[in-house]
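A short worksheet on the structure shown next.
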Amino acid sequence: MSSVAVIDYGMGNLHSIAKALQHADPLAKIVISSHQRDIERAERIVFPGVGAIRDCMDALIRLDLVGVLRAAADVKPMLGICLGLQALLEYSEEIGHTRCLGVLPGRVVRFADPLTDVRGARLKIPHMGWNQVHQVSHHPLWQGIEQDSRFYFVHSYFAQPALPQQVAATSDYPGPFACALARDNLF
């Protein structure tokens, strides 16, 4: 039986994620936790999140999870979702300059303001709604997901990795931006 730790630092829809994981693997042991021991024992890690990066990093520091997450990112399969992905980079421009975990080289940047489409019409920030995702690298997590499938987005910031080969997928708003990254055991 595999075990998955869903990181609970007070930000994210943790129970929906746990239910989706249980649906994907009914035999897996899913643990929602903010305890180092649970993260260290788990075979896989899911790092979700919504909200502001500074609040995320403050919570990780307060809960003493920074070191255990960095260590887990070196050796365990880890899925960062939304803010969980952004926190894996070096820093974010959100709320000034927020230092992140630094697991992946790169930064998180805000969409330009004003943002316009090719006809000059103003686009809303945050980018909100369904958008196509174009897979640019092969990865086991893409299995069963058709090229250019639609995913739901709600964000004003996006990942800008330092290494282009770590981009696993892009979406457009209005131009391409990285919406999925991958490196070894990280997605």
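Quick note on naming: the chains in the structure tokens go A, B, ... in the order shown, residues restart at 1 in each chain, and ligands are numbered from 1 in order of appearance.
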
DSSP strand (DSSP E or B) residues within segment 22-89 of chain A, as a list in words: Lys29, Ile30, Val31, Ile32, Ser33, Arg44, Ile45, Val46, Phe47, Met78, Leu79 and Gly80 of chain A

Near-Ile125 of chain A list (8 Å; only C-alpha atoms; drop same-chain fewer than 3 positions) as a PyMOL selection string: chain A and resi 111+113+115+128+155-156

Nearest candidate to Ile32 of chain A (options A:Ser3, A:Ser137, A:Thr98, A:Gln160; using only C-alpha atoms):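 Of A:Ser3, A:Ser137, A:Thr98, A:Gln160, the one nearest Ile32 of chain A is A:Ser3, counting only C-alpha atoms.
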
Surrounding residues of Met78 of chain A excluding itself and chain neighbours under 5 positions, 7 Å, only C-alpha atoms, as a list in words: Arg44, Ile45, Val46, Ala73, Asn185, Leu186 and Phe187 of chain A

Who sits within 10 Å of Pro174 of chain A, only C-alpha atoms, same chain under 3 positions skipped, as a ChimeraX atom specification: /A:111,115-118,123,127,171,177

A:Val154, A:Val68, A:Val4, A:Ala159 ranked by distance to Leu21 of chain A, top pick (using only C-alpha atoms): A:Val4

Shortest interatomic distance to Gln36 of chain A - which of A:Met11, A:Ala18, A:Met1, A:Ala72, counting only C-alpha atoms: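 So, comparing all the options, the nearest one is A:Ala72.
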
Residues of segment 2-187 of chain A in helix (DSSP H, G or I), written as a PyMOL selection string: chain A and resi 14-24+36-41+53-62+66-75+83-87+140-142+164-166

Between atom CA of Phe151 of chain A and atom CA of Pro114 of chain A, distance in Å (one decimal):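 Going from atom CA of Phe151 of chain A over to atom CA of Pro114 of chain A, I get 23.8 Å.
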
Atom pair atom CA of Glu146 of chain A / atom CA of Leu163 of chain A: separation (Å):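 Value for the atom CA of Glu146 of chain A-atom CA of Leu163 of chain A distance: 25.0 Å.
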
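In this model, the gap between atom CA of Val75 of chain A and atom CA of Asp38 of chain A comes to 15.3 Å.
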
Need to verify the contact set: Cys100 of chain A, 8 Å, only C-alpha atoms, exclusion of same-chain residues closer than 5 positions in sequence. Can you return it as a PDB file with all heavy atoms, in the first residue's frame?
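Saved to selection-v6.pdb:
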ATOM      1  N   ILE A  53       1.611  33.997  -1.332  1.00  0.00           N
ATOM      2  CA  ILE A  53       2.854  33.267  -1.082  1.00  0.00           C
ATOM      3  C   ILE A  53       3.485  33.643   0.259  1.00  0.00           C
ATOM      4  O   ILE A  53       4.048  32.793   0.943  1.00  0.00           O
ATOM      5  CB  ILE A  53       3.855  33.426  -2.252  1.00  0.00           C
ATOM      6  CG1 ILE A  53       5.015  32.428  -2.133  1.00  0.00           C
ATOM      7  CG2 ILE A  53       4.382  34.852  -2.320  1.00  0.00           C
ATOM      8  CD1 ILE A  53       4.640  31.008  -2.338  1.00  0.00           C
ATOM      9  N   MET A  57       4.599  30.898   3.007  1.00  0.00           N
ATOM     10  CA  MET A  57       5.951  30.736   3.547  1.00  0.00           C
ATOM     11  C   MET A  57       5.982  30.984   5.052  1.00  0.00           C
ATOM     12  O   MET A  57       6.673  30.271   5.781  1.00  0.00           O
ATOM     13  CB  MET A  57       6.931  31.649   2.803  1.00  0.00           C
ATOM     14  CG  MET A  57       7.158  31.257   1.341  1.00  0.00           C
ATOM     15  SD  MET A  57       7.620  29.512   1.098  1.00  0.00           S
ATOM     16  CE  MET A  57       9.126  29.401   2.053  1.00  0.00           C
ATOM     17  N   GLN A  86       4.307  27.224  -6.911  1.00  0.00           N
ATOM     18  CA  GLN A  86       5.022  28.498  -6.813  1.00  0.00           C
ATOM     19  C   GLN A  86       6.027  28.495  -5.663  1.00  0.00           C
ATOM     20  O   GLN A  86       7.135  29.009  -5.795  1.00  0.00           O
ATOM     21  CB  GLN A  86       4.032  29.647  -6.662  1.00  0.00           C
ATOM     22  CG  GLN A  86       3.177  29.862  -7.896  1.00  0.00           C
ATOM     23  CD  GLN A  86       2.196  31.007  -7.739  1.00  0.00           C
ATOM     24  OE1 GLN A  86       2.246  31.761  -6.771  1.00  0.00           O
ATOM     25  NE2 GLN A  86       1.302  31.141  -8.700  1.00  0.00           N
ATOM     26  N   ALA A  87       5.661  27.887  -4.542  1.00  0.00           N
ATOM     27  CA  ALA A  87       6.545  27.859  -3.376  1.00  0.00           C
ATOM     28  C   ALA A  87       7.820  27.061  -3.631  1.00  0.00           C
ATOM     29  O   ALA A  87       8.816  27.251  -2.933  1.00  0.00           O
ATOM     30  CB  ALA A  87       5.805  27.298  -2.167  1.00  0.00           C
ATOM     31  N   LEU A  88       7.821  26.184  -4.620  1.00  0.00           N
ATOM     32  CA  LEU A  88       9.022  25.397  -4.926  1.00  0.00           C
ATOM     33  C   LEU A  88      10.112  26.220  -5.598  1.00  0.00           C
ATOM     34  O   LEU A  88      11.277  25.832  -5.603  1.00  0.00           O
ATOM     35  CB  LEU A  88       8.665  24.200  -5.813  1.00  0.00           C
ATOM     36  CG  LEU A  88       7.790  23.129  -5.160  1.00  0.00           C
ATOM     37  CD1 LEU A  88       7.386  22.075  -6.187  1.00  0.00           C
ATOM     38  CD2 LEU A  88       8.493  22.493  -3.966  1.00  0.00           C
ATOM     39  N   LEU A  89       9.747  27.367  -6.172  1.00  0.00           N
ATOM     40  CA  LEU A  89      10.725  28.219  -6.853  1.00  0.00           C
ATOM     41  C   LEU A  89      11.534  29.032  -5.838  1.00  0.00           C
ATOM     42  O   LEU A  89      11.326  28.919  -4.629  1.00  0.00           O
ATOM     43  CB  LEU A  89      10.009  29.103  -7.868  1.00  0.00           C
ATOM     44  CG  LEU A  89       9.408  28.284  -9.018  1.00  0.00           C
ATOM     45  CD1 LEU A  89       8.333  29.052  -9.747  1.00  0.00           C
ATOM     46  CD2 LEU A  89      10.483  27.836  -9.978  1.00  0.00           C
ATOM     47  N   GLU A  90      12.447  29.872  -6.339  1.00  0.00           N
ATOM     48  CA  GLU A  90      13.344  30.604  -5.441  1.00  0.00           C
ATOM     49  C   GLU A  90      12.679  31.791  -4.755  1.00  0.00           C
ATOM     50  O   GLU A  90      12.904  32.034  -3.571  1.00  0.00           O
ATOM     51  CB  GLU A  90      14.573  31.081  -6.215  1.00  0.00           C
ATOM     52  CG  GLU A  90      15.427  29.937  -6.697  1.00  0.00           C
ATOM     53  CD  GLU A  90      16.502  30.370  -7.664  1.00  0.00           C
ATOM     54  OE1 GLU A  90      16.161  30.897  -8.750  1.00  0.00           O
ATOM     55  OE2 GLU A  90      17.685  30.196  -7.314  1.00  0.00           O
ATOM     56  N   TYR A  91      11.903  32.553  -5.524  1.00  0.00           N
ATOM     57  CA  TYR A  91      11.221  33.688  -4.907  1.00  0.00           C
ATOM     58  C   TYR A  91      10.025  34.099  -5.745  1.00  0.00           C
ATOM     59  O   TYR A  91       9.875  33.688  -6.891  1.00  0.00           O
ATOM     60  CB  TYR A  91      12.171  34.873  -4.686  1.00  0.00           C
ATOM     61  CG  TYR A  91      12.555  35.624  -5.937  1.00  0.00           C
ATOM     62  CD1 TYR A  91      11.810  36.731  -6.353  1.00  0.00           C
ATOM     63  CD2 TYR A  91      13.649  35.256  -6.698  1.00  0.00           C
ATOM     64  CE1 TYR A  91      12.161  37.422  -7.508  1.00  0.00           C
ATOM     65  CE2 TYR A  91      14.000  35.940  -7.833  1.00  0.00           C
ATOM     66  CZ  TYR A  91      13.253  37.026  -8.242  1.00  0.00           C
ATOM     67  OH  TYR A  91      13.601  37.710  -9.371  1.00  0.00           O
ATOM     68  N   SER A  92       9.186  34.916  -5.123  1.00  0.00           N
ATOM     69  CA  SER A  92       7.989  35.419  -5.780  1.00  0.00           C
ATOM     70  C   SER A  92       7.964  36.938  -5.701  1.00  0.00           C
ATOM     71  O   SER A  92       8.362  37.515  -4.683  1.00  0.00           O
ATOM     72  CB  SER A  92       6.731  34.860  -5.109  1.00  0.00           C
ATOM     73  OG  SER A  92       5.572  35.455  -5.652  1.00  0.00           O
TER      74      SER A  92
END

Pick from A:Gly96, A:Ala121, A:Ile7, A:Ala168 nearest to Ala59 of chain A, counting only C-alpha atoms: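 Closest to Ala59 of chain A, using only C-alpha atoms: A:Ile7.
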
Counting only C-alpha atoms, the residue of A:Gln135, A:Leu60, A:Pro48, A:Pro164 that sits nearest Gly12 of chain A: A:Pro48

Near-Gln165 of chain A list (10 Å; only C-alpha atoms; drop same-chain fewer than 3 positions) as an MDAnalysis selection string: chainID A and resid 136:137 161:162 168 181:183
